[in-house]
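A.B. asks: Provided herewith: model37.txt, compact mmCIF, C-alpha atoms.
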```txt
# COMPACT_ATOMS: atom_id res chain seq x y z
CA GLN B 1 12.66 8.83 -17.14
CA LEU B 2 12.99 6.66 -20.20
CA GLY B 3 10.45 8.75 -22.08
CA GLN B 4 8.75 7.27 -25.12
CA ARG B 5 10.64 4.21 -26.18
CA ASP B 6 10.18 1.90 -29.11
CA THR B 7 9.29 -1.40 -27.42
CA SER B 8 10.12 -3.37 -30.55
CA ALA B 9 13.77 -2.26 -30.50
CA PRO B 10 16.40 -3.55 -28.06
CA TYR B 11 17.42 -1.02 -25.46
CA VAL B 12 19.91 -0.77 -22.63
CA ARG B 13 19.28 0.50 -19.13
CA SER B 14 22.08 1.72 -16.92
CA SER B 15 20.54 -0.02 -13.92
CA ILE B 16 17.90 -2.69 -13.52
CA ASP B 17 16.26 -0.64 -10.75
CA MET B 18 15.83 2.55 -12.75
CA SER B 19 12.40 1.64 -14.06
CA LEU B 20 10.96 -0.27 -11.10
CA VAL B 21 7.83 1.35 -9.68
CA LEU B 22 5.30 -0.02 -7.20
CA VAL B 23 2.37 2.04 -5.88
CA VAL B 24 -0.33 0.81 -3.46
CA HIS B 25 -3.49 2.29 -1.96
CA GLY B 26 -5.53 1.31 1.09
CA GLY B 27 -8.86 2.77 0.00
CA GLY B 28 -10.49 6.18 0.01
CA GLY B 29 -12.18 7.11 3.26
CA SER B 30 -12.77 9.61 6.01
CA ASN B 31 -12.61 10.11 9.77
CA ILE B 32 -9.67 7.77 10.37
CA SER B 33 -8.56 8.02 14.01
CA THR B 34 -4.97 9.09 14.70
CA ASP B 35 -3.82 5.73 16.10
CA ARG B 36 -5.49 3.87 13.23
CA LYS B 37 -3.79 6.21 10.74
CA GLU B 38 -0.43 5.11 12.07
CA ARG B 39 -1.36 1.42 11.75
CA MET B 40 -2.61 2.02 8.22
CA ARG B 41 0.55 3.89 7.27
CA GLN B 42 2.66 0.99 8.54
CA GLY B 43 0.49 -1.54 6.71
CA ILE B 44 0.60 0.33 3.43
CA ALA B 45 4.39 0.75 3.74
CA ARG B 46 4.76 -3.01 4.40
CA ALA B 47 2.72 -3.82 1.28
CA ALA B 48 4.67 -1.42 -0.96
CA THR B 49 8.00 -2.74 0.34
CA GLU B 50 6.90 -6.35 -0.27
CA GLY B 51 5.86 -5.57 -3.85
CA TYR B 52 8.99 -3.53 -4.58
CA ASN B 53 11.25 -6.29 -3.24
CA ILE B 54 9.56 -8.75 -5.60
CA LEU B 55 10.39 -6.39 -8.49
CA LYS B 56 14.00 -5.98 -7.29
CA GLU B 57 14.41 -9.74 -7.24
CA GLY B 58 13.41 -9.80 -10.91
CA GLY B 59 9.76 -10.73 -10.33
CA SER B 60 7.08 -9.65 -12.78
CA ALA B 61 4.69 -6.73 -12.34
CA VAL B 62 1.88 -9.29 -11.87
CA ASP B 63 3.85 -11.05 -9.09
CA ALA B 64 4.46 -7.69 -7.41
CA VAL B 65 0.88 -6.41 -7.41
CA GLU B 66 -0.44 -9.78 -6.24
CA GLY B 67 2.13 -9.87 -3.42
CA ALA B 68 1.44 -6.30 -2.31
CA VAL B 69 -2.35 -6.73 -2.31
CA ALA B 70 -2.11 -10.05 -0.42
CA VAL B 71 -0.27 -8.19 2.38
CA LEU B 72 -3.18 -5.73 2.61
CA GLU B 73 -5.79 -8.53 2.47
CA ASN B 74 -4.04 -10.14 5.46
CA ASP B 75 -4.02 -6.84 7.41
CA PRO B 76 -7.25 -6.39 9.43
CA GLU B 77 -7.00 -2.58 9.14
CA PHE B 78 -8.06 -2.70 5.48
CA ASN B 79 -11.37 -3.58 3.80
CA ALA B 80 -10.21 -6.67 1.89
CA GLY B 81 -9.62 -10.26 2.96
CA CYS B 82 -9.43 -10.29 6.77
CA GLY B 83 -11.06 -7.03 7.87
CA SER B 84 -13.62 -6.95 5.05
CA VAL B 85 -16.84 -5.08 5.84
CA LEU B 86 -20.03 -7.09 6.40
CA ASN B 87 -23.13 -7.37 4.24
CA VAL B 88 -26.71 -7.03 5.50
CA ASN B 89 -26.54 -10.59 6.89
CA GLY B 90 -23.28 -9.96 8.77
CA ASP B 91 -21.40 -12.08 6.23
CA VAL B 92 -18.29 -11.38 4.15
CA GLU B 93 -18.46 -11.38 0.33
CA MET B 94 -15.25 -10.32 -1.38
CA ASP B 95 -14.33 -9.12 -4.88
CA ALA B 96 -10.94 -8.88 -6.61
CA SER B 97 -9.31 -8.52 -10.03
CA ILE B 98 -5.85 -8.53 -11.58
CA MET B 99 -4.53 -7.72 -15.05
CA ASP B 100 -1.30 -8.12 -17.00
CA GLY B 101 -0.56 -5.12 -19.23
CA LYS B 102 1.73 -7.17 -21.47
CA ASN B 103 -1.07 -9.13 -23.16
CA LEU B 104 -4.24 -7.84 -21.44
CA SER B 105 -4.72 -11.14 -19.58
CA ALA B 106 -7.14 -10.59 -16.72
CA GLY B 107 -8.72 -12.53 -13.88
CA ALA B 108 -11.50 -11.61 -11.46
CA VAL B 109 -13.71 -13.07 -8.74
CA SER B 110 -16.77 -11.68 -7.01
CA ALA B 111 -18.91 -12.51 -3.97
CA VAL B 112 -16.39 -15.08 -2.74
CA ARG B 113 -16.43 -16.26 0.87
CA CYS B 114 -14.20 -18.22 3.19
CA ILE B 115 -10.85 -17.72 1.47
CA ALA B 116 -8.00 -15.61 2.82
CA ASN B 117 -6.74 -14.03 -0.42
CA PRO B 118 -9.25 -13.33 -3.20
CA ILE B 119 -6.47 -11.70 -5.25
CA LYS B 120 -4.64 -15.03 -5.48
CA LEU B 121 -7.84 -16.67 -6.69
CA ALA B 122 -8.28 -13.92 -9.31
CA ARG B 123 -4.78 -14.67 -10.59
CA LEU B 124 -5.62 -18.38 -10.82
CA VAL B 125 -8.72 -17.49 -12.87
CA MET B 126 -6.43 -15.51 -15.19
CA GLU B 127 -3.83 -18.24 -15.57
CA LYS B 128 -5.71 -21.54 -15.18
CA THR B 129 -9.05 -20.96 -16.95
CA PRO B 130 -10.15 -19.75 -20.38
CA HIS B 131 -12.32 -17.16 -18.58
CA CYS B 132 -11.78 -13.71 -17.05
CA PHE B 133 -14.36 -13.68 -14.27
CA LEU B 134 -15.85 -16.26 -11.88
CA THR B 135 -18.47 -15.49 -9.27
CA GLY B 136 -19.99 -16.88 -6.07
CA HIS B 137 -20.31 -20.69 -5.86
CA GLY B 138 -18.48 -21.23 -9.14
CA ALA B 139 -15.49 -19.25 -7.92
CA GLU B 140 -15.53 -21.18 -4.64
CA LYS B 141 -15.70 -24.54 -6.43
CA PHE B 142 -12.77 -23.44 -8.62
CA ALA B 143 -10.83 -22.40 -5.48
CA ALA B 144 -11.40 -25.87 -3.99
CA ASP B 145 -10.33 -27.54 -7.26
CA MET B 146 -7.14 -25.46 -7.21
CA GLY B 147 -6.38 -26.51 -3.63
CA VAL B 148 -7.01 -23.06 -2.13
CA PRO B 149 -7.69 -23.67 1.58
CA GLU B 150 -11.16 -22.83 2.85
CA ILE B 151 -11.16 -20.86 6.10
CA PRO B 152 -13.99 -20.22 8.57
CA VAL B 153 -15.72 -16.90 7.88
CA GLU B 154 -15.02 -15.90 11.51
CA LYS B 155 -11.34 -15.60 10.59
CA LEU B 156 -12.20 -12.77 8.18
CA ILE B 157 -14.52 -10.87 10.52
CA THR B 158 -13.07 -8.29 12.92
CA GLU B 159 -14.71 -6.63 15.92
CA ARG B 160 -14.45 -3.32 14.10
CA SER B 161 -16.43 -4.70 11.14
CA LYS B 162 -19.17 -5.94 13.48
CA LYS B 163 -19.46 -2.55 15.16
CA HIS B 164 -19.39 -0.81 11.78
CA LEU B 165 -22.38 -2.89 10.59
CA GLU B 166 -24.33 -2.26 13.81
CA LYS B 167 -23.78 1.46 13.53
CA GLU B 168 -24.78 1.46 9.87
CA LYS B 169 -28.00 -0.45 10.60
CA GLN B 170 -28.89 1.96 13.41
CA GLU B 171 -28.39 4.91 11.10
CA LYS B 172 -30.44 3.04 8.45
CA GLY B 173 -27.46 3.70 6.13
CA ALA B 174 -29.27 5.63 3.41
CA GLU B 175 -26.80 5.03 0.61
CA LYS B 176 -25.61 8.27 -0.93
CA PRO B 177 -22.90 8.33 -3.56
CA ASP B 178 -20.97 11.05 -1.72
CA CYS B 179 -21.12 9.11 1.54
CA PRO B 180 -17.41 8.65 2.24
CA LYS B 181 -17.54 5.75 4.70
CA ASN B 182 -18.28 3.24 1.95
CA THR B 183 -15.07 3.52 0.03
CA GLY B 184 -12.53 1.02 1.30
CA THR B 185 -10.63 -1.04 -1.25
CA VAL B 186 -6.99 -2.00 -1.60
CA GLY B 187 -4.95 -1.97 -4.77
CA ALA B 188 -1.52 -1.94 -6.37
CA VAL B 189 0.08 -1.02 -9.69
CA ALA B 190 3.60 -1.89 -10.82
CA MET B 191 6.18 -1.57 -13.57
CA ASP B 192 8.80 -4.31 -13.69
CA CYS B 193 12.35 -4.47 -15.09
CA ASN B 194 11.00 -5.37 -18.55
CA GLY B 195 8.70 -2.35 -18.60
CA ASN B 196 5.61 -4.54 -18.12
CA LEU B 197 2.68 -3.07 -16.19
CA ALA B 198 0.03 -4.72 -13.98
CA TYR B 199 -2.71 -3.83 -11.53
CA ALA B 200 -4.52 -5.66 -8.73
CA THR B 201 -7.59 -4.52 -6.74
CA SER B 202 -9.38 -6.28 -3.86
CA THR B 203 -12.25 -5.37 -1.52
CA GLY B 204 -14.89 -6.49 0.94
CA GLY B 205 -17.30 -4.05 -0.69
CA ILE B 206 -19.55 -1.67 1.22
CA VAL B 207 -20.96 -2.16 4.69
CA ASN B 208 -24.60 -3.36 4.96
CA LYS B 209 -24.69 -4.14 1.23
CA MET B 210 -27.35 -6.42 -0.20
CA ILE B 211 -26.38 -10.07 -0.59
CA GLY B 212 -24.74 -10.54 -3.99
CA ARG B 213 -23.94 -6.85 -4.46
CA VAL B 214 -20.81 -6.43 -6.58
CA GLY B 215 -18.98 -3.11 -6.95
CA ASP B 216 -16.27 -1.88 -9.27
CA SER B 217 -13.27 -3.73 -7.82
CA PRO B 218 -13.56 -6.97 -9.85
CA CYS B 219 -14.68 -5.18 -13.01
CA ILE B 220 -11.92 -4.69 -15.60
CA GLY B 221 -11.98 -1.06 -16.73
CA ALA B 222 -13.70 0.20 -13.58
CA GLY B 223 -11.72 -1.16 -10.61
CA GLY B 224 -8.50 -1.17 -12.60
CA TYR B 225 -6.83 -1.63 -15.95
CA ALA B 226 -3.34 -2.33 -17.31
CA ASP B 227 -1.97 -1.93 -20.81
CA ASN B 228 1.77 -1.62 -21.45
CA ASN B 229 1.06 0.89 -24.21
CA ILE B 230 -0.76 3.28 -21.86
CA GLY B 231 -0.43 2.63 -18.13
CA ALA B 232 -1.71 0.71 -15.10
CA ILE B 233 -4.33 1.94 -12.64
CA SER B 234 -6.22 0.75 -9.55
CA THR B 235 -9.22 2.71 -8.26
CA THR B 236 -11.12 3.07 -5.00
CA GLY B 237 -14.23 4.89 -3.88
CA HIS B 238 -17.98 4.67 -4.34
CA GLY B 239 -18.28 1.49 -6.41
CA GLU B 240 -21.52 2.34 -8.17
CA SER B 241 -20.13 5.70 -9.31
CA ILE B 242 -16.86 4.13 -10.47
CA LEU B 243 -18.80 1.55 -12.51
CA LYS B 244 -20.95 4.21 -14.17
CA VAL B 245 -17.98 6.26 -15.42
CA ASN B 246 -15.65 3.30 -16.02
CA LEU B 247 -13.10 5.20 -13.94
CA ALA B 248 -9.96 3.15 -14.67
CA ARG B 249 -10.34 3.09 -18.44
CA LEU B 250 -11.57 6.71 -18.49
CA THR B 251 -8.36 7.84 -16.79
CA LEU B 252 -6.20 5.89 -19.25
CA PHE B 253 -8.21 7.34 -22.14
CA HIS B 254 -7.05 10.81 -21.03
CA ILE B 255 -3.44 9.55 -21.08
CA GLU B 256 -4.00 8.25 -24.63
CA GLN B 257 -5.17 11.75 -25.49
CA GLY B 258 -1.78 13.11 -24.43
CA LYS B 259 -2.51 14.18 -20.84
CA THR B 260 0.05 13.61 -18.07
CA ALA B 261 -0.68 11.04 -15.35
CA GLU B 262 -1.50 13.89 -12.96
CA GLU B 263 -3.87 15.62 -15.41
CA ALA B 264 -5.58 12.36 -16.39
CA ALA B 265 -6.23 11.43 -12.75
CA GLU B 266 -7.64 14.85 -11.96
CA LEU B 267 -9.88 14.97 -15.03
CA ALA B 268 -11.38 11.52 -14.43
CA LEU B 269 -11.96 11.97 -10.67
CA ASN B 270 -13.47 15.41 -11.17
CA TYR B 271 -15.78 14.07 -13.87
CA MET B 272 -17.08 11.38 -11.49
CA LYS B 273 -17.54 13.98 -8.74
CA SER B 274 -19.33 16.57 -10.90
CA LYS B 275 -21.48 14.06 -12.80
CA LEU B 276 -22.44 11.73 -9.92
CA LYS B 277 -21.20 13.38 -6.69
CA GLY B 278 -19.10 10.21 -6.46
CA LEU B 279 -15.93 10.39 -4.40
CA GLY B 280 -12.90 8.18 -4.77
CA GLY B 281 -9.23 7.89 -5.55
CA LEU B 282 -6.74 6.13 -7.76
CA ILE B 283 -3.12 5.15 -8.21
CA LEU B 284 -1.63 5.22 -11.67
CA ILE B 285 1.67 4.47 -13.44
CA SER B 286 2.07 5.65 -17.03
CA LYS B 287 4.06 3.64 -19.58
CA THR B 288 6.97 6.06 -19.04
CA GLY B 289 7.11 5.18 -15.33
CA ASP B 290 5.53 8.41 -14.04
CA TRP B 291 3.17 7.69 -11.17
CA VAL B 292 0.47 9.51 -9.27
CA ALA B 293 -1.79 8.93 -6.24
CA LYS B 294 -4.91 11.15 -6.31
CA TRP B 295 -8.19 11.27 -4.43
CA THR B 296 -11.35 13.33 -3.92
CA SER B 297 -12.39 11.43 -0.77
CA VAL B 298 -11.20 12.92 2.55
CA SER B 299 -8.16 10.68 2.66
CA MET B 300 -6.52 7.71 0.93
CA PRO B 301 -3.66 5.75 2.47
CA TRP B 302 -1.03 5.23 -0.25
CA ALA B 303 2.62 4.33 -0.69
CA ALA B 304 4.99 4.45 -3.63
CA ALA B 305 8.38 2.76 -4.02
CA LYS B 306 10.78 3.91 -6.72
CA ASP B 307 14.56 4.49 -6.92
CA ASP B 308 14.94 2.75 -3.53
CA LYS B 309 12.84 5.42 -1.83
CA LEU B 310 9.48 4.83 -0.16
CA GLN B 311 6.88 7.60 0.02
CA THR B 312 3.75 7.22 2.15
CA GLY B 313 0.73 9.40 2.82
CA ILE B 314 -2.86 9.38 4.03
CA ASP B 315 -4.13 12.97 3.93
CA PHE B 316 -3.28 15.85 1.58
CA GLY B 317 0.22 17.17 2.22
CA ASP B 318 1.39 14.63 4.80
CA THR B 319 3.85 12.68 2.60
CA LYS B 320 6.76 11.00 4.38
CA ILE B 321 9.82 9.74 2.51
CA VAL B 322 12.28 7.09 3.72
CA ASP B 323 15.16 5.26 2.08
CA LEU B 324 14.55 1.57 1.47
CA PRO B 325 17.25 -0.83 2.65
```
Please express what this file holds, its structure, as structure tokens.

C.D. replies:
Amino acid sequence: QLGQRDTSAPYVRSSIDMSLVLVVHGGGGSNISTDRKERMRQGIARAATEGYNILKEGGSAVDAVEGAVAVLENDPEFNAGCGSVLNVNGDVEMDASIMDGKNLSAGAVSAVRCIANPIKLARLVMEKTPHCFLTGHGAEKFAADMGVPEIPVEKLITERSKKHLEKEKQEKGAEKPDCPKNTGTVGAVAMDCNGNLAYATSTGGIVNKMIGRVGDSPCIGAGGYADNNIGAISTTGHGESILKVNLARLTLFHIEQGKTAEEAAELALNYMKSKLKGLGGLILISKTGDWVAKWTSVSMPWAAAKDDKLQTGIDFGDTKIVDLP
């Protein structure tokens, strides 16, 4: 580890790869079938590898988290982009946000429909507008102005999402904060060769949600945060609970107070659980390059790439490690 370094002074690294870190998550959840677990593990590994390769090629942390999250949005196994859960009308409304820890630039979109990659639109908001956050029709008009292709909503809807909505409606889906089925989100955090940090988070929200419902994922400080002086984090879980405790910024506050990444994650997640019975998870990289993946939900697919090794996991204690080519 580089430890605390003075960012204003020049420094030398023995290898460009020493500091590169990329961590992704595929959302907190429960009751994932065995065959689906394998597909999710493969998907999460693909996303982490994609993001890490961007870093190895000299790409920025922002490039890497956007690339990793786009892979998960395109994978129907995850609740973001294609595969998003359906609202009460059987429609898809998606939320996403991204942030650059170098200068606190941020971009977010909410309740967007008919685009393949909300995370790419969030980045365009960050880079091509004076604003941080666009919603609904305004975000869609901006997407069209930027030449983002519109796609039929059917392309985002999977059979599994349809069945999920049916089942939820039959059960009348009384929304409880500790109800673990409503917790799918995807996210990524990265540290690049310049020590810059970034996060990206994207989601389809919660099944059977009211039209126009927005959760934590596009909200800076709740769904994620990045600041080179502290760390980068992406969260997942019960959106309303995450919003109420400002989970991302709360976790980083603990790091500012001198806690390790591991301690900070545990403190923040346990606070949300004890205060609100809210379950969730997070991935976090501190400014020193230490990383952690932690969750209070039953499971959370995650993967971390560092030092040319890829670690993946879904449940507690099932971590697999492989060498990256």

A.B. asks: Using all atoms listed in the file, can you tell me which of B:Leu156, B:Val322, B:Ala143, B:Ile44 comes closest to B:Gly81?

C.D. replies: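 Closest to B:Gly81 of all the choices is B:Leu156.
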
A.B. asks: What's around B:Glu38 at 12 Å? Count only C-alpha atoms, leave out sequence neighbours fewer than 5 positions away in its own chain, and write the answer as a PyMOL selection string.

C.D. replies: chain B and resi 32-33+43-45+77+301+312-315

A.B. asks: Please provide as a PyMOL selection string all residues within 8 Å of B:Gly67, with the sequence filter that same-chain residues fewer than 5 positions apart are discarded (counting only C-alpha atoms).

C.D. replies: chain B and resi 47+50-51+54

A.B. asks: Please put the answer as lines of an AutoDock Vina configuration file: centre and edge lengths, in Å with one decimal, of a box along x, y and z that encloses all listed atoms of stretch 209-215 of chain B plus 4 Å on each side.

C.D. replies:
```
center_x = -23.2
center_y = -6.8
center_z = -2.9
size_x = 16.4
size_y = 15.4
size_z = 16.2
```

A.B. asks: Rounded to one decimal, what separation in Å do you get between atom CA of B:Asn87 and atom CA of B:Lys162?

C.D. replies: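 Atom CA of B:Lys162 lies at a distance of 10.2 Å from atom CA of B:Asn87.
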
A.B. asks: Could you add all heavy atoms to stretch 306-317 of chain B and give me the result as a CSV table (one decimal), in the frame of the given file?

C.D. replies:
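This is the output file part.csv:
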```csv
chain,number,residue,atom,x,y,z
B,306,LYS,N,10.1,3.7,-5.5
B,306,LYS,CA,10.8,3.9,-6.7
B,306,LYS,C,12.2,4.4,-6.4
B,306,LYS,O,12.3,5.1,-5.4
B,306,LYS,CB,10.0,5.0,-7.6
B,306,LYS,CG,10.6,5.2,-9.0
B,306,LYS,CD,9.8,6.2,-9.8
B,306,LYS,CE,10.4,6.3,-11.2
B,306,LYS,NZ,9.7,7.2,-12.0
B,307,ASP,N,13.2,4.0,-7.2
B,307,ASP,CA,14.6,4.5,-6.9
B,307,ASP,C,15.0,4.3,-5.5
B,307,ASP,O,15.7,5.1,-4.9
B,307,ASP,CB,14.7,6.0,-7.3
B,307,ASP,CG,14.4,6.3,-8.7
B,307,ASP,OD1,14.6,5.4,-9.6
B,307,ASP,OD2,13.9,7.4,-9.0
B,308,ASP,N,14.6,3.1,-4.9
B,308,ASP,CA,14.9,2.8,-3.5
B,308,ASP,C,14.5,3.8,-2.5
B,308,ASP,O,15.1,3.9,-1.4
B,308,ASP,CB,16.5,2.5,-3.4
B,308,ASP,CG,16.9,1.2,-4.0
B,308,ASP,OD1,16.0,0.3,-4.0
B,308,ASP,OD2,18.0,1.0,-4.5
B,309,LYS,N,13.4,4.5,-2.8
B,309,LYS,CA,12.8,5.4,-1.8
B,309,LYS,C,11.4,5.0,-1.7
B,309,LYS,O,10.7,4.7,-2.6
B,309,LYS,CB,12.9,6.9,-2.3
B,309,LYS,CG,14.3,7.4,-2.2
B,309,LYS,CD,14.3,9.0,-2.2
B,309,LYS,CE,15.7,9.6,-2.1
B,309,LYS,NZ,16.8,8.7,-1.7
B,310,LEU,N,10.9,5.1,-0.4
B,310,LEU,CA,9.5,4.8,-0.2
B,310,LEU,C,8.8,6.1,0.3
B,310,LEU,O,9.2,6.7,1.3
B,310,LEU,CB,9.4,3.7,0.9
B,310,LEU,CG,8.0,3.4,1.4
B,310,LEU,CD1,7.2,2.6,0.3
B,310,LEU,CD2,8.0,2.6,2.7
B,311,GLN,N,7.7,6.5,-0.4
B,311,GLN,CA,6.9,7.6,0.0
B,311,GLN,C,5.6,7.1,0.5
B,311,GLN,O,5.0,6.1,-0.1
B,311,GLN,CB,6.6,8.6,-1.1
B,311,GLN,CG,7.9,9.2,-1.7
B,311,GLN,CD,7.5,10.2,-2.8
B,311,GLN,OE1,6.6,11.0,-2.7
B,311,GLN,NE2,8.2,10.1,-3.9
B,312,THR,N,5.1,7.6,1.6
B,312,THR,CA,3.8,7.2,2.2
B,312,THR,C,2.9,8.4,2.5
B,312,THR,O,3.5,9.5,2.8
B,312,THR,CB,3.9,6.4,3.4
B,312,THR,OG1,4.6,7.1,4.4
B,312,THR,CG2,4.6,5.0,3.2
B,313,GLY,N,1.6,8.3,2.4
B,313,GLY,CA,0.7,9.4,2.8
B,313,GLY,C,-0.7,8.9,3.1
B,313,GLY,O,-1.0,7.8,2.7
B,314,ILE,N,-1.5,9.7,3.8
B,314,ILE,CA,-2.9,9.4,4.0
B,314,ILE,C,-3.8,10.6,3.7
B,314,ILE,O,-4.7,10.4,3.0
B,314,ILE,CB,-3.1,8.9,5.5
B,314,ILE,CG1,-2.4,7.6,5.7
B,314,ILE,CG2,-4.6,8.9,5.8
B,314,ILE,CD1,-2.5,7.0,7.1
B,315,ASP,N,-3.4,11.8,4.2
B,315,ASP,CA,-4.1,13.0,3.9
B,315,ASP,C,-3.3,13.9,3.0
B,315,ASP,O,-2.2,13.6,2.7
B,315,ASP,CB,-4.4,13.7,5.2
B,315,ASP,CG,-5.2,12.9,6.2
B,315,ASP,OD1,-6.3,12.5,5.8
B,315,ASP,OD2,-4.8,12.8,7.4
B,316,PHE,N,-4.0,14.9,2.5
B,316,PHE,CA,-3.3,15.8,1.6
B,316,PHE,C,-2.1,16.5,2.3
B,316,PHE,O,-2.2,16.9,3.5
B,316,PHE,CB,-4.2,17.0,1.1
B,316,PHE,CG,-5.3,16.5,0.2
B,316,PHE,CD1,-6.6,16.3,0.6
B,316,PHE,CD2,-4.9,16.1,-1.1
B,316,PHE,CE1,-7.6,15.9,-0.3
B,316,PHE,CE2,-5.9,15.7,-2.0
B,316,PHE,CZ,-7.2,15.5,-1.6
B,317,GLY,N,-0.9,16.4,1.7
B,317,GLY,CA,0.2,17.2,2.2
B,317,GLY,C,0.9,16.5,3.4
B,317,GLY,O,1.6,17.2,4.1
```
